[in-house]
>>> print(open('query_28.txt').read())   # compact mmCIF, C-alpha atoms
# COMPACT_ATOMS: atom_id res chain seq x y z
CA MET Y 1488 12.19 -10.60 -20.43
CA LEU Y 1489 9.51 -9.23 -18.17
CA GLU Y 1490 9.45 -9.64 -14.40
CA VAL Y 1491 5.90 -10.41 -13.26
CA LEU Y 1492 5.10 -10.03 -9.55
CA TYR Y 1493 2.13 -11.25 -7.54
CA PHE Y 1494 1.02 -10.11 -4.11
CA ALA Y 1495 -1.41 -11.23 -1.41
CA TRP Y 1496 -4.06 -13.73 -2.59
CA VAL Y 1497 -2.94 -13.37 -6.20
CA ARG Y 1498 0.46 -14.71 -5.09
CA GLU Y 1499 -1.24 -17.52 -3.13
CA ARG Y 1500 -3.42 -18.57 -6.07
CA ILE Y 1501 -0.57 -18.57 -8.54
CA GLY Y 1502 1.76 -20.22 -6.06
CA GLU Y 1503 4.79 -17.99 -6.52
CA PRO Y 1504 5.72 -14.39 -5.77
CA ARG Y 1505 7.42 -13.62 -9.08
CA GLU Y 1506 8.54 -15.04 -12.37
CA ARG Y 1507 10.36 -13.94 -15.48
CA ILE Y 1508 8.46 -14.41 -18.68
CA GLU Y 1509 8.95 -13.95 -22.39
CA THR Y 1510 5.96 -12.11 -23.83
CA THR Y 1511 4.83 -10.30 -26.94
CA ALA Y 1512 1.83 -8.76 -25.17
CA ALA Y 1513 1.26 -5.11 -26.06
CA THR Y 1514 -0.90 -4.16 -23.09
CA VAL Y 1515 -1.60 -5.37 -19.57
CA ALA Y 1516 -4.88 -6.88 -20.80
CA ASP Y 1517 -2.98 -8.87 -23.47
CA LEU Y 1518 -0.57 -10.10 -20.82
CA VAL Y 1519 -3.47 -11.20 -18.61
CA ASP Y 1520 -5.02 -13.12 -21.54
CA GLU Y 1521 -1.68 -14.81 -22.17
CA LEU Y 1522 -1.29 -15.79 -18.50
CA ARG Y 1523 -4.91 -17.02 -18.26
CA GLY Y 1524 -4.25 -19.40 -21.15
CA ARG Y 1525 -1.33 -21.04 -19.35
CA GLU Y 1526 -2.85 -23.04 -16.50
CA GLY Y 1527 -5.89 -23.24 -14.27
CA ARG Y 1528 -4.22 -21.41 -11.38
CA TYR Y 1529 -3.70 -18.34 -13.57
CA ALA Y 1530 -7.25 -18.49 -14.87
CA LEU Y 1531 -8.42 -18.62 -11.26
CA ALA Y 1532 -6.22 -15.71 -10.13
CA PHE Y 1533 -7.34 -13.56 -13.05
CA SER Y 1534 -11.00 -14.60 -13.08
CA ASP Y 1535 -12.29 -11.21 -11.86
CA LEU Y 1536 -10.28 -8.22 -13.02
CA ALA Y 1537 -12.50 -5.85 -11.03
CA ALA Y 1538 -10.95 -7.37 -7.90
CA LEU Y 1539 -7.40 -6.71 -9.12
CA ARG Y 1540 -5.03 -3.81 -9.53
CA VAL Y 1541 -1.90 -3.56 -11.66
CA ALA Y 1542 1.33 -1.59 -11.49
CA ILE Y 1543 3.88 -1.13 -14.27
CA ASP Y 1544 7.41 -0.43 -13.06
CA GLN Y 1545 6.00 0.28 -9.59
CA GLU Y 1546 3.41 2.85 -10.70
CA LEU Y 1547 -0.32 2.09 -10.71
CA ALA Y 1548 -1.56 1.45 -14.25
CA ASP Y 1549 -4.68 0.40 -16.16
CA TRP Y 1550 -5.63 -2.76 -18.06
CA ASP Y 1551 -5.14 -1.02 -21.40
CA SER Y 1552 -1.74 0.46 -20.43
CA PRO Y 1553 1.06 -0.48 -22.86
CA ILE Y 1554 3.83 -2.63 -21.41
CA GLU Y 1555 6.41 -2.13 -24.12
CA GLY Y 1556 9.78 -1.43 -22.52
CA ALA Y 1557 8.48 -2.20 -19.02
CA ARG Y 1558 10.81 -4.04 -16.63
CA GLU Y 1559 8.18 -5.28 -14.20
CA VAL Y 1560 4.43 -5.70 -13.98
CA ALA Y 1561 2.77 -6.44 -10.64
CA PHE Y 1562 -0.72 -7.80 -9.96
CA PHE Y 1563 -2.43 -7.47 -6.59
CA PRO Y 1564 -5.80 -6.95 -4.88
CA PRO Y 1565 -6.90 -3.44 -3.82
CA MET Y 1566 -4.45 -2.16 -1.22
CA THR Y 1567 -5.23 -2.19 2.50
CA GLY Y 1568 -2.63 0.02 4.13
CA GLY Y 1569 -2.97 2.35 7.08
CA MET V 804 9.67 15.09 5.31
CA ARG V 805 10.53 11.52 6.28
CA VAL V 806 9.04 8.23 5.14
CA ARG V 807 10.06 4.84 6.50
CA VAL V 808 8.84 1.31 5.85
CA GLN V 809 10.11 -1.18 8.41
CA CYS V 810 9.48 -4.48 10.14
CA GLU V 811 10.59 -3.30 13.61
CA PRO V 812 8.38 -1.47 16.11
CA PHE V 813 8.85 2.30 16.39
CA ASP V 814 9.10 4.59 19.38
CA LEU V 815 6.62 7.43 18.97
CA ALA V 816 8.44 9.79 21.34
CA ALA V 817 11.79 9.19 19.66
CA GLU V 818 10.25 9.73 16.21
CA LEU V 819 8.90 13.12 17.27
CA GLU V 820 12.16 14.41 18.66
CA GLY V 821 13.10 17.46 16.60
CA PHE V 822 10.04 16.94 14.39
CA GLY V 823 9.07 20.23 12.72
CA ALA V 824 11.80 22.04 14.64
CA GLU V 825 12.86 24.04 11.62
CA GLY V 826 9.54 25.77 10.97
CA ASP V 827 7.47 28.28 12.93
CA VAL V 828 5.27 25.43 14.09
CA GLY V 829 2.16 26.05 16.15
CA ALA V 830 0.49 22.67 15.74
CA GLN V 831 1.59 19.07 15.61
CA VAL V 832 -0.83 16.22 14.96
CA THR V 833 0.07 12.55 15.30
CA PHE V 834 -1.94 9.46 14.51
CA THR V 835 -0.95 5.89 15.42
CA GLY V 836 -2.73 2.85 14.00
CA ILE V 837 -2.98 -0.16 16.33
CA VAL V 838 -3.87 -3.81 15.61
CA ARG V 839 -7.32 -4.60 17.07
CA ALA V 840 -8.23 -7.98 18.57
CA THR V 841 -11.70 -7.80 16.96
CA GLY V 842 -13.19 -11.15 15.95
CA GLY V 843 -10.66 -13.17 17.93
CA LEU V 844 -7.71 -12.01 15.87
CA THR V 845 -4.47 -13.52 17.11
CA ARG V 846 -2.02 -12.06 14.60
CA MET V 847 -1.80 -10.07 11.42
CA GLU V 848 0.63 -10.46 8.54
CA ILE V 849 1.30 -7.35 6.50
CA GLU V 850 2.79 -7.88 3.06
CA HIS V 851 4.10 -5.02 0.93
CA TYR V 852 5.70 -4.31 -2.41
CA PRO V 853 9.34 -3.44 -1.68
CA GLY V 854 10.48 -0.85 -4.17
CA MET V 855 7.04 0.62 -4.74
CA THR V 856 5.99 1.16 -1.13
CA ALA V 857 8.32 3.95 -0.04
CA ARG V 858 7.90 5.75 -3.37
CA ALA V 859 4.12 5.55 -3.23
CA ILE V 860 4.10 6.93 0.34
CA GLU V 861 6.57 9.69 -0.57
CA LYS V 862 4.27 10.76 -3.37
CA ILE V 863 1.32 10.99 -0.96
CA ALA V 864 3.38 12.84 1.67
CA THR V 865 4.75 15.30 -0.89
CA GLU V 866 1.19 16.10 -1.96
CA ALA V 867 0.18 16.69 1.69
CA VAL V 868 3.17 18.97 2.34
CA SER V 869 2.42 21.12 -0.68
CA ARG V 870 -1.38 21.29 -0.28
CA TRP V 871 -1.30 22.26 3.40
CA ALA V 872 2.06 24.07 3.37
CA LEU V 873 3.25 21.76 6.14
CA ASP V 874 6.47 22.50 7.96
CA ASP V 875 7.11 18.80 8.40
CA CYS V 876 5.56 15.42 7.70
CA LEU V 877 6.49 11.93 8.88
CA VAL V 878 5.13 8.52 7.93
CA VAL V 879 6.30 5.22 9.43
CA HIS V 880 4.57 2.03 8.25
CA ARG V 881 5.37 -1.49 9.42
CA TYR V 882 5.12 -4.82 7.65
CA GLY V 883 5.59 -8.42 8.80
CA THR V 884 3.92 -10.18 11.73
CA LEU V 885 1.96 -8.07 14.23
CA ALA V 886 -0.09 -8.99 17.30
CA PRO V 887 -3.16 -7.26 18.79
CA GLY V 888 -2.06 -4.06 20.51
CA ASP V 889 0.98 -3.61 18.26
CA GLN V 890 1.50 -0.36 16.41
CA ILE V 891 0.98 -0.71 12.64
CA MET V 892 1.88 2.77 11.46
CA MET V 893 2.03 6.43 12.35
CA VAL V 894 1.75 9.77 10.65
CA ALA V 895 2.77 13.15 12.04
CA THR V 896 2.17 16.59 10.56
CA ALA V 897 3.45 19.97 11.67
CA SER V 898 2.12 23.35 10.58
CA ARG V 899 1.53 26.91 11.81
CA HIS V 900 -2.12 26.26 12.61
CA ARG V 901 -4.01 23.16 13.75
CA ALA V 902 -6.58 22.99 10.92
CA ALA V 903 -3.88 22.30 8.33
CA ALA V 904 -2.15 19.74 10.56
CA PHE V 905 -5.40 17.84 11.27
CA GLU V 906 -6.61 17.90 7.66
CA ALA V 907 -3.26 16.85 6.23
CA ALA V 908 -3.09 13.93 8.70
CA GLU V 909 -6.55 12.76 7.61
CA PHE V 910 -5.59 13.10 3.96
CA LEU V 911 -2.46 11.00 4.59
CA MET V 912 -4.48 8.31 6.36
CA ASP V 913 -7.13 8.15 3.62
CA TYR V 914 -4.51 7.81 0.89
CA LEU V 915 -2.28 5.37 2.77
CA LYS V 916 -5.29 3.08 3.16
CA SER V 917 -6.02 2.77 -0.54
CA ARG V 918 -2.85 3.83 -2.38
CA ALA V 919 0.07 2.44 -0.42
CA PRO V 920 0.86 -1.15 -1.53
CA PHE V 921 0.22 -3.05 1.70
CA TRP V 922 -2.02 -6.10 2.15
CA LYS V 923 -3.17 -7.39 5.51
CA LYS V 924 -3.96 -10.98 6.33
CA GLU V 925 -5.72 -11.71 9.61
CA TYR V 926 -5.26 -14.94 11.57
CA GLY V 927 -7.73 -16.10 14.22
CA ALA V 928 -9.48 -19.11 15.65
CA ASP V 929 -11.47 -19.55 12.41
CA GLY V 930 -8.41 -19.55 10.18
CA ALA V 931 -6.92 -16.83 8.00
CA ALA V 932 -8.42 -14.23 5.68
CA TRP V 933 -7.15 -11.31 3.62
CA VAL V 934 -8.58 -7.98 4.70
CA GLU V 935 -10.73 -6.68 1.87
CA ALA V 936 -10.65 -3.07 0.76
CA ARG V 937 -13.96 -1.35 1.55
CA ASP V 938 -15.90 0.88 -0.83
CA GLU V 939 -15.97 3.54 1.90
CA ASP V 940 -12.17 3.69 1.84
CA GLU V 941 -12.16 4.40 -1.88
CA ASP V 942 -15.03 6.89 -1.49
CA ALA V 943 -13.07 8.71 1.23
CA LEU V 944 -10.56 9.82 -1.42
CA SER V 945 -13.16 11.81 -3.30
CA ARG V 946 -13.47 14.36 -0.50
CA TRP V 947 -9.93 15.52 -1.24
>>> encode(input="query_28.txt", output="structure tokens")
Amino acid sequence: MLEVLYFAWVRERIGEPRERIETTAATVADLVDELRGREGRYALAFSDLAALRVAIDQELADWDSPIEGAREVAFFPPMTGG
Amino acid sequence: MRVRVQCEPFDLAAELEGFGAEGDVGAQVTFTGIVRATGGLTRMEIEHYPGMTARAIEKIATEAVSRWALDDCLVVHRYGTLAPGDQIMMVATASRHRAAAFEAAEFLMDYLKSRAPFWKKEYGADGAAWVEARDEDEDALSRW
């Protein structure tokens, strides 16, 4: 099981902050494709990957990063700290 | 080095008590970020990624300490609901000479802006909107 987290407007579009999913996706990009195929709200949240960032187990990652063995994957817009 | 992520306000003077006391410190720089009322803003909600936030900031602070041989470094960043005039965050750096303390503080600010997992949502008379990251913020990282 993989814990998938959403923050900021990604969370708002999907309608929940986190969920546990069963996936066979090999990379982040595969996982995104899988999620997009689920429902319109996912397709909307993931419509522009350039506007999104991803972290695997709380470290920034890339779309082609492997997710095998990962505990959590988080999707969010570019950060606005400071 | 100290890093804290908290909802509560912080007391700048109390935070600086004993800061850098262990080194041969000749310079101490502090920066405090404040919520502006620009555009009729009435409140700001800051969301973060518990678990990742402190670690991401520690990584940035560790880099600053080693690059500028700082004697001490402190970062406090708030989340939750803030009003105009409220403190959002602070950084403090201590070193032998001022150039290192100033530069390291700027480095910390640049990286916290784009690499610490916080997201700001602004509320005003016209409704609410997420603050968008600016290209300039990302470009600012390249100078380091």
>>> atom_distance(input="query_28.txt", atom1="CA of Gly821 in chain V", atom2="CA of Ala895 in chain V")
12.1 Å
>>> interface_residues(input="query_28.txt", of="chain Y", to="chain V", cutoff="7 Å", atoms="all atoms listed in the file", output="ChimeraX atom specification")
/Y:1495,1545,1565-1569
>>> closest_residue(input="query_28.txt", among="V:Glu939, V:Asp875, V:Glu861, V:Asp827", to="Val808 in chain V", atoms="all atoms listed in the file")
V:Glu861
>>> atom_distance(input="query_28.txt", atom1="CA of Ser1534 in chain Y", atom2="CA of Pro1553 in chain Y")
21.0 Å
>>> atom_distance(input="query_28.txt", atom1="CA of Arg1558 in chain Y", atom2="CA of Leu1531 in chain Y")
24.7 Å
>>> closest_residue(input="query_28.txt", among="V:Cys876, V:Ala840, V:Val806, V:Met847", to="Ala903 in chain V", atoms="only C-alpha atoms")
V:Cys876
>>> closest_residue(input="query_28.txt", among="V:Val878, V:Ala867, V:Leu819, V:Leu944", to="Gln831 in chain V", atoms="only C-alpha atoms")
V:Leu819
>>> closest_residue(input="query_28.txt", among="V:Thr884, V:Glu848, V:Thr896, V:Gly826", to="Thr865 in chain V", atoms="only C-alpha atoms")
V:Thr896
>>> residues_near_point(input="query_28.txt", point="(5.7, -9.8, -29.2)", cutoff="12 Å", atoms="all atoms listed in the file", output="number ranges by chain")
Y: 1488-1489, 1508-1514, 1517-1518, 1521, 1554-1556
>>> closest_residue(input="query_28.txt", among="V:Gly927, V:Phe834, V:Thr841, V:Asp889", to="Ala907 in chain V", atoms="all atoms listed in the file")
V:Phe834
>>> residues_around(input="query_28.txt", residues="Asp1535 in chain Y", least_positions_apart="2", cutoff="12 Å", atoms="all atoms listed in the file", output="MDAnalysis selection string")
chainID Y and resid 1497 1519 1523 1529:1533 1537:1540 1563:1564
>>> closest_residue(input="query_28.txt", among="Y:Glu1559, Y:Asp1549, Y:Asp1520, Y:Asp1544", to="Arg1505 in chain Y", atoms="only C-alpha atoms")
Y:Glu1559
>>> decode(input="query_28.txt", residues="range 930-944 of chain V", atoms="all heavy atoms", output="compact mmCIF listing (two decimals), in the first residue's frame")
# COMPACT_ATOMS: atom_id res chain seq x y z
N GLY V 930 -12.08 37.38 -2.19
CA GLY V 930 -12.06 35.93 -2.07
C GLY V 930 -10.69 35.43 -1.67
O GLY V 930 -9.92 36.15 -1.04
N ALA V 931 -10.40 34.18 -2.06
CA ALA V 931 -9.15 33.55 -1.64
C ALA V 931 -8.33 33.10 -2.84
O ALA V 931 -8.90 32.74 -3.87
CB ALA V 931 -9.46 32.37 -0.75
N ALA V 932 -7.02 33.13 -2.72
CA ALA V 932 -6.16 32.67 -3.80
C ALA V 932 -4.83 32.15 -3.25
O ALA V 932 -4.28 32.71 -2.30
CB ALA V 932 -5.89 33.80 -4.79
N TRP V 933 -4.36 31.05 -3.85
CA TRP V 933 -3.05 30.52 -3.46
C TRP V 933 -1.96 31.44 -4.01
O TRP V 933 -2.04 31.89 -5.15
CB TRP V 933 -2.87 29.11 -4.02
CG TRP V 933 -3.73 28.10 -3.34
CD1 TRP V 933 -4.93 27.63 -3.76
CD2 TRP V 933 -3.47 27.50 -2.06
NE1 TRP V 933 -5.44 26.75 -2.83
CE2 TRP V 933 -4.57 26.64 -1.79
CE3 TRP V 933 -2.43 27.58 -1.14
CZ2 TRP V 933 -4.65 25.89 -0.62
CZ3 TRP V 933 -2.51 26.83 0.03
CH2 TRP V 933 -3.61 25.99 0.28
N VAL V 934 -0.97 31.70 -3.21
CA VAL V 934 0.17 32.49 -3.66
C VAL V 934 0.96 31.64 -4.64
O VAL V 934 1.27 30.48 -4.35
CB VAL V 934 1.07 32.90 -2.47
CG1 VAL V 934 2.32 33.61 -2.95
CG2 VAL V 934 0.29 33.77 -1.50
N GLU V 935 1.23 32.20 -5.82
CA GLU V 935 1.98 31.43 -6.81
C GLU V 935 3.46 31.69 -6.69
O GLU V 935 3.89 32.81 -6.44
CB GLU V 935 1.52 31.82 -8.21
CG GLU V 935 0.20 31.16 -8.57
CD GLU V 935 -0.18 31.43 -10.01
OE1 GLU V 935 0.70 31.30 -10.88
OE2 GLU V 935 -1.35 31.78 -10.24
N ALA V 936 4.26 30.63 -6.88
CA ALA V 936 5.71 30.79 -6.87
C ALA V 936 6.09 31.65 -8.07
O ALA V 936 5.47 31.55 -9.13
CB ALA V 936 6.37 29.42 -6.96
N ARG V 937 7.06 32.52 -7.90
CA ARG V 937 7.48 33.39 -9.00
C ARG V 937 8.77 32.87 -9.62
O ARG V 937 9.61 32.29 -8.93
CB ARG V 937 7.71 34.81 -8.48
CG ARG V 937 6.47 35.43 -7.83
CD ARG V 937 6.79 36.79 -7.27
NE ARG V 937 8.02 36.75 -6.48
CZ ARG V 937 8.74 37.83 -6.15
NH1 ARG V 937 8.36 39.02 -6.55
NH2 ARG V 937 9.83 37.70 -5.42
N ASP V 938 8.93 33.11 -10.92
CA ASP V 938 10.15 32.67 -11.61
C ASP V 938 11.39 33.28 -10.97
O ASP V 938 12.43 32.65 -10.87
CB ASP V 938 10.10 33.07 -13.09
CG ASP V 938 9.07 32.25 -13.85
OD1 ASP V 938 8.68 31.17 -13.34
OD2 ASP V 938 8.65 32.68 -14.94
N GLU V 939 11.23 34.54 -10.49
CA GLU V 939 12.38 35.22 -9.87
C GLU V 939 12.87 34.47 -8.64
O GLU V 939 14.06 34.46 -8.34
CB GLU V 939 12.02 36.64 -9.43
CG GLU V 939 11.54 37.55 -10.53
CD GLU V 939 10.02 37.55 -10.62
OE1 GLU V 939 9.46 36.63 -11.25
OE2 GLU V 939 9.39 38.46 -10.06
N ASP V 940 11.91 33.85 -7.92
CA ASP V 940 12.31 33.12 -6.71
C ASP V 940 13.17 31.91 -7.07
O ASP V 940 14.13 31.59 -6.38
CB ASP V 940 11.07 32.66 -5.94
CG ASP V 940 10.26 33.84 -5.41
OD1 ASP V 940 10.86 34.92 -5.23
OD2 ASP V 940 9.05 33.68 -5.19
N GLU V 941 12.78 31.25 -8.15
CA GLU V 941 13.55 30.08 -8.59
C GLU V 941 14.90 30.54 -9.14
O GLU V 941 15.94 29.93 -8.87
CB GLU V 941 12.74 29.32 -9.66
CG GLU V 941 13.26 27.94 -10.00
CD GLU V 941 13.23 26.95 -8.83
OE1 GLU V 941 12.34 27.04 -7.97
OE2 GLU V 941 14.14 26.09 -8.78
N ASP V 942 14.88 31.66 -9.89
CA ASP V 942 16.12 32.19 -10.47
C ASP V 942 17.11 32.60 -9.38
O ASP V 942 18.32 32.51 -9.55
CB ASP V 942 15.84 33.42 -11.35
CG ASP V 942 15.04 33.04 -12.60
OD1 ASP V 942 14.95 31.83 -12.90
OD2 ASP V 942 14.49 33.95 -13.25
N ALA V 943 16.55 33.07 -8.24
CA ALA V 943 17.42 33.55 -7.15
C ALA V 943 18.33 32.45 -6.64
O ALA V 943 19.41 32.72 -6.10
CB ALA V 943 16.56 34.10 -6.01
N LEU V 944 17.93 31.18 -6.82
CA LEU V 944 18.74 30.07 -6.32
C LEU V 944 20.03 29.90 -7.12
O LEU V 944 21.03 29.43 -6.60
CB LEU V 944 17.95 28.76 -6.35
CG LEU V 944 16.63 28.74 -5.58
CD1 LEU V 944 16.05 27.34 -5.60
CD2 LEU V 944 16.83 29.20 -4.15
